[in-house]
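The data block below is target31.csv; it holds CSV, C-alpha atoms and all ligand atoms.
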```csv
chain,number,residue,atom,x,y,z
Q,1,MET,CA,-166.5,27.4,-84.6
Q,2,ILE,CA,-163.6,29.5,-83.4
Q,3,ARG,CA,-163.2,30.2,-79.7
Q,4,THR,CA,-160.9,32.6,-77.9
Q,5,GLU,CA,-159.9,32.3,-74.3
Q,6,ASN,CA,-158.7,35.3,-72.4
Q,7,ILE,CA,-156.6,36.7,-75.3
Q,8,VAL,CA,-154.2,39.4,-74.3
Q,9,LYS,CA,-152.0,41.1,-76.9
Q,10,SER,CA,-149.5,43.8,-76.0
Q,11,PHE,CA,-147.0,45.7,-78.1
Q,12,GLY,CA,-144.3,46.9,-75.6
Q,13,ASP,CA,-146.3,48.6,-72.9
Q,14,ASN,CA,-149.3,49.1,-75.2
Q,15,ASP,CA,-152.0,46.6,-74.1
Q,16,VAL,CA,-154.1,46.4,-77.3
Q,17,LEU,CA,-156.3,43.4,-76.3
Q,18,LYS,CA,-157.0,43.0,-72.6
Q,19,GLY,CA,-158.5,39.5,-72.2
Q,20,ILE,CA,-161.0,38.6,-75.0
Q,21,THR,CA,-163.1,35.5,-74.4
Q,22,THR,CA,-165.6,34.8,-77.1
Q,23,GLU,CA,-167.0,32.5,-79.7
Q,24,PHE,CA,-167.5,32.8,-83.5
Q,25,TYR,CA,-170.1,30.4,-84.7
Q,26,ALA,CA,-170.2,28.1,-87.8
Q,27,GLY,CA,-172.7,28.9,-90.5
Q,28,LYS,CA,-173.0,32.5,-89.3
Q,29,PRO,CA,-171.5,35.9,-90.2
Q,30,ASN,CA,-169.7,36.9,-87.1
Q,31,LEU,CA,-168.9,40.7,-87.0
Q,32,ILE,CA,-166.2,42.4,-85.1
Q,33,ILE,CA,-167.0,46.1,-84.7
Q,34,GLY,CA,-165.6,49.0,-82.7
Q,35,SER,CA,-164.1,52.5,-83.1
Q,36,SER,CA,-160.8,53.1,-84.8
Q,37,GLY,CA,-157.9,51.7,-82.6
Q,38,ALA,CA,-160.2,49.4,-80.6
Q,39,GLY,CA,-158.2,46.4,-81.6
Q,40,LYS,CA,-160.3,44.8,-84.3
Q,41,THR,CA,-157.5,44.2,-86.8
Q,42,VAL,CA,-155.2,42.9,-84.2
Q,43,LEU,CA,-157.9,40.4,-83.1
Q,44,LEU,CA,-158.5,39.3,-86.7
Q,45,LYS,CA,-154.8,38.8,-87.2
Q,46,LEU,CA,-154.6,36.8,-84.0
Q,47,LEU,CA,-157.5,34.6,-85.1
Q,48,ILE,CA,-155.7,33.9,-88.4
Q,49,GLY,CA,-152.4,33.2,-86.6
Q,50,LEU,CA,-150.5,36.2,-88.1
Q,51,PHE,CA,-149.9,37.5,-84.5
Q,52,GLN,CA,-149.0,35.4,-81.5
Q,53,PRO,CA,-151.0,36.3,-78.4
Q,54,THR,CA,-149.1,37.6,-75.4
Q,55,SER,CA,-151.3,35.2,-73.4
Q,56,GLY,CA,-154.5,33.3,-74.0
Q,57,LYS,CA,-155.7,30.7,-76.5
Q,58,VAL,CA,-157.4,30.5,-79.9
Q,59,TYR,CA,-159.3,27.3,-80.7
Q,60,TYR,CA,-160.4,26.2,-84.2
Q,61,ASP,CA,-163.2,23.8,-83.1
Q,62,ASP,CA,-161.1,21.9,-80.5
Q,63,ILE,CA,-157.7,22.6,-82.0
Q,64,ASP,CA,-155.4,24.9,-80.1
Q,65,LEU,CA,-154.0,27.1,-82.9
Q,66,PHE,CA,-150.8,28.2,-81.3
Q,67,SER,CA,-149.8,24.7,-80.2
Q,68,LEU,CA,-149.7,23.3,-83.7
Q,69,SER,CA,-146.6,22.0,-85.5
Q,70,ASP,CA,-145.8,23.9,-88.8
Q,71,GLU,CA,-147.2,21.0,-90.8
Q,72,ARG,CA,-150.6,20.9,-88.9
Q,73,LEU,CA,-150.7,24.7,-89.1
Q,74,ARG,CA,-150.4,24.4,-92.9
Q,75,GLU,CA,-153.2,21.9,-92.9
Q,76,ILE,CA,-155.4,24.4,-91.0
Q,77,ARG,CA,-154.3,27.3,-93.3
Q,78,MET,CA,-155.6,25.3,-96.3
Q,79,LYS,CA,-159.1,25.5,-94.7
Q,80,VAL,CA,-158.9,29.2,-94.3
Q,81,GLY,CA,-160.1,31.7,-96.9
Q,82,MET,CA,-159.2,35.4,-96.6
Q,83,LEU,CA,-160.8,38.4,-98.2
Q,84,PHE,CA,-158.4,41.4,-97.7
Q,85,GLN,CA,-159.2,45.0,-97.6
Q,86,GLY,CA,-158.4,46.4,-101.1
Q,87,ASN,CA,-158.9,42.9,-102.4
Q,88,ALA,CA,-155.1,42.2,-102.8
Q,89,LEU,CA,-155.6,40.9,-106.3
Q,90,PHE,CA,-152.5,40.5,-108.4
Q,91,ASP,CA,-152.7,43.2,-111.2
Q,92,SER,CA,-150.5,41.3,-113.6
Q,93,MET,CA,-152.7,38.1,-113.4
Q,94,THR,CA,-156.0,37.6,-115.1
Q,95,VAL,CA,-159.1,37.1,-113.0
Q,96,GLY,CA,-158.9,33.4,-113.7
Q,97,GLU,CA,-155.2,33.2,-112.7
Q,98,ASN,CA,-155.9,35.1,-109.5
Q,99,ILE,CA,-158.6,32.6,-108.5
Q,100,ARG,CA,-156.4,29.7,-109.4
Q,101,PHE,CA,-153.5,31.0,-107.3
Q,102,PRO,CA,-154.3,29.2,-104.0
Q,103,MET,CA,-154.7,25.9,-105.9
Q,104,ASP,CA,-151.3,26.5,-107.6
Q,105,MET,CA,-149.8,27.1,-104.1
Q,106,PHE,CA,-151.5,24.4,-102.1
Q,107,THR,CA,-152.7,21.6,-104.3
Q,108,LYS,CA,-151.5,19.1,-106.9
Q,109,MET,CA,-154.6,19.4,-109.0
Q,110,THR,CA,-154.2,19.3,-112.8
Q,111,LEU,CA,-154.7,22.4,-114.9
Q,112,LYS,CA,-158.0,21.1,-116.2
Q,113,GLU,CA,-159.3,20.5,-112.6
Q,114,LYS,CA,-158.2,23.9,-111.5
Q,115,GLU,CA,-159.8,25.6,-114.5
Q,116,LYS,CA,-163.0,23.7,-113.8
Q,117,ARG,CA,-162.9,24.9,-110.1
Q,118,VAL,CA,-162.2,28.5,-111.3
Q,119,ASP,CA,-165.4,28.4,-113.4
Q,120,GLU,CA,-167.4,27.0,-110.5
Q,121,CYS,CA,-166.2,29.8,-108.2
Q,122,LEU,CA,-166.9,32.5,-110.8
Q,123,GLU,CA,-170.4,31.1,-111.1
Q,124,MET,CA,-170.8,31.1,-107.3
Q,125,VAL,CA,-170.2,34.9,-107.3
Q,126,ASN,CA,-172.3,35.5,-110.5
Q,127,MET,CA,-169.3,36.4,-112.7
Q,128,GLU,CA,-169.2,33.7,-115.2
Q,129,GLY,CA,-167.0,34.2,-118.3
Q,130,VAL,CA,-164.6,37.0,-117.0
Q,131,ASN,CA,-161.7,34.6,-116.6
Q,132,ASP,CA,-159.4,36.4,-119.1
Q,133,ARG,CA,-160.0,40.0,-117.9
Q,134,TYR,CA,-157.5,41.7,-115.7
Q,135,PRO,CA,-158.6,43.2,-112.3
Q,136,SER,CA,-158.2,46.7,-113.6
Q,137,GLU,CA,-160.8,45.9,-116.3
Q,138,VAL,CA,-163.6,45.2,-113.9
Q,139,SER,CA,-165.4,47.4,-111.4
Q,140,GLY,CA,-164.6,47.6,-107.6
Q,141,GLY,CA,-167.7,45.5,-106.8
Q,142,MET,CA,-166.6,42.9,-109.3
Q,143,GLN,CA,-163.1,42.9,-107.9
Q,144,LYS,CA,-164.6,42.2,-104.5
Q,145,ARG,CA,-166.5,39.2,-106.0
Q,146,VAL,CA,-163.2,38.0,-107.5
Q,147,GLY,CA,-161.6,38.2,-104.1
Q,148,ILE,CA,-164.5,36.2,-102.6
Q,149,ALA,CA,-164.2,33.6,-105.4
Q,150,ARG,CA,-160.5,33.3,-104.6
Q,151,ALA,CA,-161.2,33.0,-100.9
Q,152,MET,CA,-163.7,30.2,-101.6
Q,153,VAL,CA,-161.6,28.2,-104.0
Q,154,LEU,CA,-160.2,25.7,-101.5
Q,155,GLU,CA,-163.7,25.3,-99.9
Q,156,PRO,CA,-162.7,26.9,-96.6
Q,157,LYS,CA,-164.2,26.0,-93.3
Q,158,TYR,CA,-163.2,29.4,-91.9
Q,159,LEU,CA,-163.4,32.7,-93.8
Q,160,PHE,CA,-161.9,36.0,-92.6
Q,161,CYS,CA,-163.0,39.3,-94.2
Q,162,ASP,CA,-161.2,42.6,-93.4
Q,163,GLU,CA,-163.6,45.5,-94.1
Q,164,PRO,CA,-165.3,43.8,-97.1
Q,165,ASN,CA,-167.3,46.9,-97.9
Q,166,SER,CA,-164.6,49.5,-97.9
Q,167,GLY,CA,-164.7,51.7,-101.0
Q,168,LEU,CA,-168.1,50.3,-102.2
Q,169,ASP,CA,-171.4,52.2,-102.6
Q,170,PRO,CA,-174.2,51.3,-100.2
Q,171,LYS,CA,-176.1,49.1,-102.7
Q,172,THR,CA,-173.0,47.1,-103.8
Q,173,SER,CA,-172.0,46.8,-100.2
Q,174,ILE,CA,-175.3,45.1,-99.4
Q,175,LEU,CA,-175.0,42.8,-102.4
Q,176,ILE,CA,-171.5,41.8,-101.2
Q,177,ASP,CA,-172.8,41.2,-97.6
Q,178,GLU,CA,-175.6,39.0,-98.9
Q,179,LEU,CA,-173.2,37.0,-101.0
Q,180,ILE,CA,-170.8,36.4,-98.1
Q,181,CYS,CA,-173.8,35.6,-95.8
Q,182,ASP,CA,-175.3,33.2,-98.4
Q,183,LEU,CA,-171.9,31.3,-98.9
Q,184,THR,CA,-171.4,31.2,-95.1
Q,185,THR,CA,-174.8,29.6,-94.4
Q,186,ARG,CA,-174.8,27.3,-97.4
Q,187,ASN,CA,-171.4,25.9,-96.7
Q,188,ASN,CA,-171.5,26.1,-92.9
Q,189,ILE,CA,-168.4,28.3,-92.8
Q,190,THR,CA,-167.2,30.2,-89.6
Q,191,THR,CA,-167.0,33.6,-91.1
Q,192,VAL,CA,-165.4,36.5,-89.2
Q,193,ILE,CA,-165.8,40.0,-90.6
Q,194,ASN,CA,-164.1,43.1,-89.4
Q,195,THR,CA,-166.4,46.0,-90.3
Q,196,HIS,CA,-167.3,49.7,-89.7
Q,197,ASP,CA,-170.4,49.4,-91.9
Q,198,MET,CA,-173.7,49.9,-89.9
Q,199,ASN,CA,-175.7,48.4,-92.8
Q,200,SER,CA,-173.7,45.2,-92.3
Q,201,VAL,CA,-174.4,45.2,-88.6
Q,202,MET,CA,-178.1,45.6,-89.0
Q,203,GLY,CA,-178.3,43.4,-92.1
Q,204,ILE,CA,-176.1,40.3,-91.5
Q,205,GLY,CA,-175.0,40.7,-87.8
Q,206,ASP,CA,-176.0,37.3,-86.5
Q,207,ASN,CA,-173.2,37.5,-83.9
Q,208,ILE,CA,-171.7,40.9,-83.2
Q,209,VAL,CA,-168.7,41.5,-81.0
Q,210,LEU,CA,-168.1,45.1,-80.0
Q,211,LEU,CA,-164.6,46.0,-78.9
Q,212,LYS,CA,-163.7,49.2,-77.0
Q,213,ASP,CA,-160.1,50.0,-75.9
Q,214,GLY,CA,-159.2,46.3,-76.2
Q,215,ASN,CA,-162.1,45.0,-74.2
Q,216,LEU,CA,-165.1,43.1,-75.4
Q,217,VAL,CA,-167.9,45.3,-74.2
Q,218,TRP,CA,-171.0,43.8,-75.9
Q,219,GLN,CA,-172.0,40.7,-77.8
Q,220,GLY,CA,-175.3,39.9,-79.4
Q,221,ASP,CA,-177.2,39.7,-82.6
Q,222,LYS,CA,-178.8,42.4,-84.8
Q,223,THR,CA,-182.2,41.8,-83.3
Q,224,GLN,CA,-180.8,42.7,-79.9
Q,225,VAL,CA,-179.1,45.9,-81.0
Q,226,LEU,CA,-182.2,48.1,-80.9
Q,227,GLU,CA,-183.3,47.1,-77.4
Q,228,SER,CA,-179.9,46.9,-75.8
Q,229,LYS,CA,-179.3,49.1,-72.8
Q,230,SER,CA,-175.6,49.2,-73.4
Q,231,SER,CA,-174.6,52.9,-73.8
Q,232,VAL,CA,-171.3,51.9,-75.4
Q,233,LEU,CA,-173.2,50.0,-78.1
Q,234,GLN,CA,-175.9,52.7,-78.6
Q,235,ASP,CA,-173.2,55.5,-78.8
Q,236,PHE,CA,-171.3,53.5,-81.4
Q,237,ILE,CA,-174.2,52.3,-83.6
Q,238,PHE,CA,-176.5,55.3,-83.4
Q,239,ALA,CA,-173.8,57.9,-83.4
Q,240,SER,CA,-175.7,60.8,-85.1
Q,241,PRO,CA,-179.0,62.5,-83.9
Q,242,PHE,CA,-180.6,61.3,-87.2
Q,243,LEU,CA,-179.8,57.6,-86.4
Q,244,ARG,CA,-180.9,58.1,-82.7
Q,245,ARG,CA,-184.3,59.3,-84.0
Q,246,LEU,CA,-184.6,56.3,-86.3
Q,247,ARG,CA,-183.9,54.0,-83.4
Q,248,GLU,CA,-186.6,55.6,-81.3
Q,249,ASP,CA,-189.1,55.3,-84.1
Q,250,ALA,CA,-188.2,51.7,-84.7
Q,251,LEU,CA,-188.5,50.9,-81.0
Q,252,LYS,CA,-192.0,52.7,-80.9
Q,253,GLN,CA,-193.1,50.6,-83.9
Q,254,ARG,CA,-191.8,47.4,-82.4
Q,255,HIS,CA,-193.5,48.0,-79.1
Q,256,ALA,CA,-196.8,49.1,-80.7
Q,257,GLN,CA,-196.9,45.7,-82.6
Q,258,GLU,CA,-196.4,43.7,-79.3
F,1,LIG,N1,-147.8,45.6,-85.4
F,1,LIG,C1,-148.1,46.5,-84.4
F,1,LIG,N2,-147.2,47.0,-83.6
F,1,LIG,C2,-147.4,47.8,-82.6
F,1,LIG,N3,-148.7,48.3,-82.4
F,1,LIG,C3,-149.7,47.9,-83.2
F,1,LIG,C4,-149.4,46.9,-84.2
F,1,LIG,N4,-150.6,46.7,-84.8
F,1,LIG,C5,-151.6,47.4,-84.2
F,1,LIG,N5,-151.0,48.1,-83.2
F,1,LIG,C6,-151.7,49.0,-82.3
F,1,LIG,O1,-152.9,48.3,-81.8
F,1,LIG,C7,-153.9,49.3,-81.6
F,1,LIG,C8,-155.2,48.7,-82.2
F,1,LIG,O2,-155.0,48.7,-83.7
F,1,LIG,P1,-156.0,48.0,-84.7
F,1,LIG,O3,-155.4,48.2,-86.0
F,1,LIG,O4,-156.4,46.6,-84.2
F,1,LIG,O5,-157.3,48.9,-84.5
F,1,LIG,P2,-158.7,48.8,-85.3
F,1,LIG,O6,-159.8,48.6,-84.3
F,1,LIG,O7,-158.6,47.8,-86.4
F,1,LIG,O8,-158.8,50.2,-86.0
F,1,LIG,P3,-159.3,50.7,-87.4
F,1,LIG,O9,-160.8,50.6,-87.4
F,1,LIG,O10,-158.8,52.1,-87.5
F,1,LIG,O11,-158.6,49.8,-88.5
F,1,LIG,C9,-153.4,50.6,-82.1
F,1,LIG,O12,-153.1,51.4,-81.0
F,1,LIG,C10,-152.2,50.2,-83.0
F,1,LIG,O13,-151.3,51.2,-82.9
```
Take the structure in the file and give it back as structure tokens.
Ligand SMILES: Nc1ncnc2c1ncn2[C@@H]1O[C@H](COP(=O)(O)OP(=O)(O)OP(=O)(O)O)[C@@H](O)[C@H]1O
Amino acid sequence: MIRTENIVKSFGDNDVLKGITTEFYAGKPNLIIGSSGAGKTVLLKLLIGLFQPTSGKVYYDDIDLFSLSDERLREIRMKVGMLFQGNALFDSMTVGENIRFPMDMFTKMTLKEKEKRVDECLEMVNMEGVNDRYPSEVSGGMQKRVGIARAMVLEPKYLFCDEPNSGLDPKTSILIDELICDLTTRNNITTVINTHDMNSVMGIGDNIVLLKDGNLVWQGDKTQVLESKSSVLQDFIFASPFLRRLREDALKQRHAQE
């Protein structure tokens, strides 16, 4: 579980986050959504510890992230997996070497142990046997899977994904969402996903945090989205007339079944 307490982040006189108090749960995909400029990336970077808050606290379980010594911070970092927008794979390394990289950096495992773990992680994302290919030799969806395998390699307790569906077609996006969701539940990981993807919201949104202009304006799960009276949420999710009609039909159906 990750908890934030009244997080404020300002850059000069630009108050980007204006007091965010929330929880991100273990074993669930936790989604941060909101329009461009709402502060999603800044919040994600704060949760990872890449930005210091102007004020407020971030707790990993009961550990106050910003009070840790460098050594304790390194220990926590080893329990964190990250899936970056654009994958951030090293082009000059093979898929296997990319996945091995965090073990090379953080562990004293032998080469044989590392290679065994690489194989396990490739199997986890249904990509057995592509160890020797280069990122440029596999599709965008497969690169995303390699990114997930690399994020999972040190068995993270916390997983952060920045726009995991960017650049993917809708079907591949759903497969990637399901994979992240499955790994999250099976391994009881606290997964925080920054997304614009409405399929993700309605598909895997077990805990959704909506930001607007640096404020948390709604929090709930996907089953609450349809019924919510929050106009900010409705304007954001059902932005087009087509989606608003779909919502009305879905609500009618739901109420007819009750
Ligand atoms: N390092 C920085 N220095 C100064 N201002 C920053 C910095 N990073 C972000 N900001 C400002 O914080 C605000 C929120 O940016 P952020 O990237 O968090 O938005 P976002 O919700 O992730 O948007 P998008 O969906 O477009 O990625 C913007 O006004 C941005 O200019």
Site check for ligand LIG 1 (chain F): residues at most 6 Å away, only C-alpha atoms and all ligand atoms, as a list of chain:residue names: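 So the residues close to ligand LIG 1 (chain F) are Q:Phe11, Q:Val16, Q:Ser35, Q:Ser36, Q:Gly37, Q:Ala38, Q:Gly39, Q:Lys40, Q:Thr41, Q:Val42.
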Nearby residues (all atoms listed in the file) at most 10 Å from Met142 (chain Q), same-chain spacing under 6 positions excluded, as a list in words: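 What passes the distance filter is Val125, Asn126, Met127, Val130, Pro135, Ile148, Thr172 and Ile176 of chain Q.
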Between CA of Gly96 (chain Q) and CA of Met109 (chain Q), distance in Å (one decimal):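 Between CA of Gly96 (chain Q) and CA of Met109 (chain Q) the gap is 15.4 Å.
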Anything within 12 Å of (-162.0, 47.4, -99.7): list those residues as a PDB file with C-alpha atoms, in the coordinates of the input, counting all atoms listed in the file and sticking to the file's coordinates.
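After the write, part.pdb holds the following:
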```pdb
ATOM      1  CA  LEU Q  83    -160.800  38.400 -98.200  1.00  0.00           C
ATOM      2  CA  PHE Q  84    -158.400  41.400 -97.700  1.00  0.00           C
ATOM      3  CA  GLN Q  85    -159.200  45.000 -97.600  1.00  0.00           C
ATOM      4  CA  GLY Q  86    -158.400  46.400-101.100  1.00  0.00           C
ATOM      5  CA  ASN Q  87    -158.900  42.900-102.400  1.00  0.00           C
ATOM      6  CA  ALA Q  88    -155.100  42.200-102.800  1.00  0.00           C
ATOM      7  CA  LEU Q  89    -155.600  40.900-106.300  1.00  0.00           C
ATOM      8  CA  GLY Q 140    -164.600  47.600-107.600  1.00  0.00           C
ATOM      9  CA  GLY Q 141    -167.700  45.500-106.800  1.00  0.00           C
ATOM     10  CA  MET Q 142    -166.600  42.900-109.300  1.00  0.00           C
ATOM     11  CA  GLN Q 143    -163.100  42.900-107.900  1.00  0.00           C
ATOM     12  CA  LYS Q 144    -164.600  42.200-104.500  1.00  0.00           C
ATOM     13  CA  ARG Q 145    -166.500  39.200-106.000  1.00  0.00           C
ATOM     14  CA  GLY Q 147    -161.600  38.200-104.100  1.00  0.00           C
ATOM     15  CA  ILE Q 148    -164.500  36.200-102.600  1.00  0.00           C
ATOM     16  CA  CYS Q 161    -163.000  39.300 -94.200  1.00  0.00           C
ATOM     17  CA  ASP Q 162    -161.200  42.600 -93.400  1.00  0.00           C
ATOM     18  CA  GLU Q 163    -163.600  45.500 -94.100  1.00  0.00           C
ATOM     19  CA  PRO Q 164    -165.300  43.800 -97.100  1.00  0.00           C
ATOM     20  CA  ASN Q 165    -167.300  46.900 -97.900  1.00  0.00           C
ATOM     21  CA  SER Q 166    -164.600  49.500 -97.900  1.00  0.00           C
ATOM     22  CA  GLY Q 167    -164.700  51.700-101.000  1.00  0.00           C
ATOM     23  CA  LEU Q 168    -168.100  50.300-102.200  1.00  0.00           C
ATOM     24  CA  ASP Q 169    -171.400  52.200-102.600  1.00  0.00           C
ATOM     25  CA  THR Q 172    -173.000  47.100-103.800  1.00  0.00           C
ATOM     26  CA  SER Q 173    -172.000  46.800-100.200  1.00  0.00           C
ATOM     27  CA  ILE Q 176    -171.500  41.800-101.200  1.00  0.00           C
ATOM     28  CA  ASN Q 194    -164.100  43.100 -89.400  1.00  0.00           C
ATOM     29  CA  THR Q 195    -166.400  46.000 -90.300  1.00  0.00           C
ATOM     30  CA  HIS Q 196    -167.300  49.700 -89.700  1.00  0.00           C
ATOM     31  CA  ASP Q 197    -170.400  49.400 -91.900  1.00  0.00           C
TER      32      ASP Q 197
END
```
Gap from CA of Glu258 (chain Q) to CA of Glu227 (chain Q) - Å, one decimal: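 Between these atoms lies a distance of 13.7 Å.
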Nearest candidate to Gly220 (chain Q) (options Q:Asp13, Q:Glu23, Q:Glu155, Q:Asp182; using all atoms listed in the file):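 When distances to Gly220 (chain Q) are compared using all atoms listed in the file, the smallest one comes from Q:Glu23.
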Please, what is the axis-aligned box for every listed atom of region 71-76 of chain Q with 6 Å on each side, as centre and edge lengths in Å to one decimal, as AutoDock Vina command-line options?
```
--center_x -151.3 --center_y 22.8 --center_z -90.9 --size_x 20.2 --size_y 15.8 --size_z 16.0
```
9 Å contact set for Lys57 (chain Q), all atoms listed in the file, chain neighbours under 3 positions out, as a list in words: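 The contact residues come out as Arg3, Thr4, Glu5, Asn6, Ile7, Pro53, Asp64, Leu65 and Phe66 of chain Q.
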Keeping only C-alpha atoms, write those residues as an mmCIF file, keeping the file's coordinate frame.
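Saved to selection.cif:
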```cif
data_model
loop_
_atom_site.group_PDB
_atom_site.id
_atom_site.type_symbol
_atom_site.label_atom_id
_atom_site.label_comp_id
_atom_site.auth_asym_id
_atom_site.auth_seq_id
_atom_site.Cartn_x
_atom_site.Cartn_y
_atom_site.Cartn_z
ATOM 1 C CA ARG Q 3 -163.200 30.200 -79.700
ATOM 2 C CA THR Q 4 -160.900 32.600 -77.900
ATOM 3 C CA GLU Q 5 -159.900 32.300 -74.300
ATOM 4 C CA ASN Q 6 -158.700 35.300 -72.400
ATOM 5 C CA ILE Q 7 -156.600 36.700 -75.300
ATOM 6 C CA PRO Q 53 -151.000 36.300 -78.400
ATOM 7 C CA ASP Q 64 -155.400 24.900 -80.100
ATOM 8 C CA LEU Q 65 -154.000 27.100 -82.900
ATOM 9 C CA PHE Q 66 -150.800 28.200 -81.300
#
```
Straight-line distance linking CA of Asn215 (chain Q) with CA of Ser240 (chain Q), stated in Å to one decimal: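 Going from CA of Asn215 (chain Q) over to CA of Ser240 (chain Q), I get 23.5 Å.
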Residue with smallest distance to Arg245 (chain Q) - pool Q:Leu111, Q:Ile2, Q:Leu226, Q:Ile189, counting all atoms listed in the file: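 The answer is Q:Leu226, which sits nearest to Arg245 (chain Q).
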List every residue of region 127-226 of chain Q that has an atom at most 8 Å from any atom of region 70-82 of chain Q, giving for each one its closest atom pair and the distance in Å to one decimal, counting only C-alpha atoms, sorted by chain and then by ascending residue number, as JSON lines.
```
{"residue": "Q:Arg150", "atom": "CA", "partner": "Q:Gly81", "partner_atom": "CA", "distance": 7.9}
{"residue": "Q:Ala151", "atom": "CA", "partner": "Q:Gly81", "partner_atom": "CA", "distance": 4.3}
{"residue": "Q:Met152", "atom": "CA", "partner": "Q:Gly81", "partner_atom": "CA", "distance": 6.1}
{"residue": "Q:Leu154", "atom": "CA", "partner": "Q:Lys79", "partner_atom": "CA", "distance": 6.9}
{"residue": "Q:Glu155", "atom": "CA", "partner": "Q:Lys79", "partner_atom": "CA", "distance": 6.9}
{"residue": "Q:Pro156", "atom": "CA", "partner": "Q:Lys79", "partner_atom": "CA", "distance": 4.3}
{"residue": "Q:Lys157", "atom": "CA", "partner": "Q:Lys79", "partner_atom": "CA", "distance": 5.3}
{"residue": "Q:Tyr158", "atom": "CA", "partner": "Q:Val80", "partner_atom": "CA", "distance": 4.9}
{"residue": "Q:Leu159", "atom": "CA", "partner": "Q:Gly81", "partner_atom": "CA", "distance": 4.6}
{"residue": "Q:Phe160", "atom": "CA", "partner": "Q:Met82", "partner_atom": "CA", "distance": 4.9}
{"residue": "Q:Cys161", "atom": "CA", "partner": "Q:Met82", "partner_atom": "CA", "distance": 6.0}
```
Top pick for closest residue to Ile33 (chain Q), considering Q:Ala239, Q:Leu216, Q:Ile48, Q:Leu122 and counting only C-alpha atoms: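 Among Q:Ala239, Q:Leu216, Q:Ile48, Q:Leu122, it is Q:Leu216 that comes nearest to Ile33 (chain Q).
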Given all atoms listed in the file as the counted atoms, nearest of Q:Gly129, Q:Ser200, Q:Leu233, Q:Leu46 to Ser10 (chain Q):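 Among Q:Gly129, Q:Ser200, Q:Leu233, Q:Leu46, it is Q:Leu46 that comes nearest to Ser10 (chain Q).
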Reconstruct N, CA and C atoms of region 39-54 of chain Q; output as a PDB file, in the frame of the given file.
```pdb
ATOM      1  N   GLY Q  39    -158.879  47.638 -81.601  1.00  0.00           N
ATOM      2  CA  GLY Q  39    -158.200  46.400 -81.600  1.00  0.00           C
ATOM      3  C   GLY Q  39    -158.751  45.316 -82.531  1.00  0.00           C
ATOM      4  N   LYS Q  40    -159.636  45.727 -83.435  1.00  0.00           N
ATOM      5  CA  LYS Q  40    -160.300  44.800 -84.300  1.00  0.00           C
ATOM      6  C   LYS Q  40    -159.324  44.044 -85.252  1.00  0.00           C
ATOM      7  N   THR Q  41    -158.430  44.824 -85.900  1.00  0.00           N
ATOM      8  CA  THR Q  41    -157.500  44.200 -86.800  1.00  0.00           C
ATOM      9  C   THR Q  41    -156.531  43.288 -86.110  1.00  0.00           C
ATOM     10  N   VAL Q  42    -156.099  43.725 -84.931  1.00  0.00           N
ATOM     11  CA  VAL Q  42    -155.200  42.900 -84.200  1.00  0.00           C
ATOM     12  C   VAL Q  42    -155.865  41.577 -83.791  1.00  0.00           C
ATOM     13  N   LEU Q  43    -157.137  41.645 -83.396  1.00  0.00           N
ATOM     14  CA  LEU Q  43    -157.900  40.400 -83.100  1.00  0.00           C
ATOM     15  C   LEU Q  43    -158.002  39.517 -84.291  1.00  0.00           C
ATOM     16  N   LEU Q  44    -158.344  40.116 -85.423  1.00  0.00           N
ATOM     17  CA  LEU Q  44    -158.500  39.300 -86.700  1.00  0.00           C
ATOM     18  C   LEU Q  44    -157.157  38.644 -87.018  1.00  0.00           C
ATOM     19  N   LYS Q  45    -156.066  39.398 -86.906  1.00  0.00           N
ATOM     20  CA  LYS Q  45    -154.800  38.800 -87.200  1.00  0.00           C
ATOM     21  C   LYS Q  45    -154.387  37.690 -86.282  1.00  0.00           C
ATOM     22  N   LEU Q  46    -154.806  37.839 -85.022  1.00  0.00           N
ATOM     23  CA  LEU Q  46    -154.600  36.800 -84.000  1.00  0.00           C
ATOM     24  C   LEU Q  46    -155.374  35.520 -84.388  1.00  0.00           C
ATOM     25  N   LEU Q  47    -156.624  35.736 -84.810  1.00  0.00           N
ATOM     26  CA  LEU Q  47    -157.500  34.600 -85.100  1.00  0.00           C
ATOM     27  C   LEU Q  47    -156.897  33.828 -86.329  1.00  0.00           C
ATOM     28  N   ILE Q  48    -156.288  34.580 -87.262  1.00  0.00           N
ATOM     29  CA  ILE Q  48    -155.700  33.900 -88.400  1.00  0.00           C
ATOM     30  C   ILE Q  48    -154.346  33.309 -88.121  1.00  0.00           C
ATOM     31  N   GLY Q  49    -153.751  33.736 -87.023  1.00  0.00           N
ATOM     32  CA  GLY Q  49    -152.400  33.200 -86.600  1.00  0.00           C
ATOM     33  C   GLY Q  49    -151.299  34.058 -87.159  1.00  0.00           C
ATOM     34  N   LEU Q  50    -151.599  35.278 -87.612  1.00  0.00           N
ATOM     35  CA  LEU Q  50    -150.500  36.200 -88.100  1.00  0.00           C
ATOM     36  C   LEU Q  50    -149.810  36.847 -86.938  1.00  0.00           C
ATOM     37  N   PHE Q  51    -150.508  36.967 -85.783  1.00  0.00           N
ATOM     38  CA  PHE Q  51    -149.900  37.500 -84.500  1.00  0.00           C
ATOM     39  C   PHE Q  51    -149.991  36.366 -83.502  1.00  0.00           C
ATOM     40  N   GLN Q  52    -148.983  36.260 -82.663  1.00  0.00           N
ATOM     41  CA  GLN Q  52    -149.000  35.400 -81.500  1.00  0.00           C
ATOM     42  C   GLN Q  52    -149.648  36.194 -80.333  1.00  0.00           C
ATOM     43  N   PRO Q  53    -150.518  35.591 -79.524  1.00  0.00           N
ATOM     44  CA  PRO Q  53    -151.000  36.300 -78.400  1.00  0.00           C
ATOM     45  C   PRO Q  53    -149.922  36.469 -77.302  1.00  0.00           C
ATOM     46  N   THR Q  54    -149.988  37.516 -76.506  1.00  0.00           N
ATOM     47  CA  THR Q  54    -149.100  37.600 -75.400  1.00  0.00           C
ATOM     48  C   THR Q  54    -149.472  36.530 -74.349  1.00  0.00           C
TER      49      THR Q  54
END
```
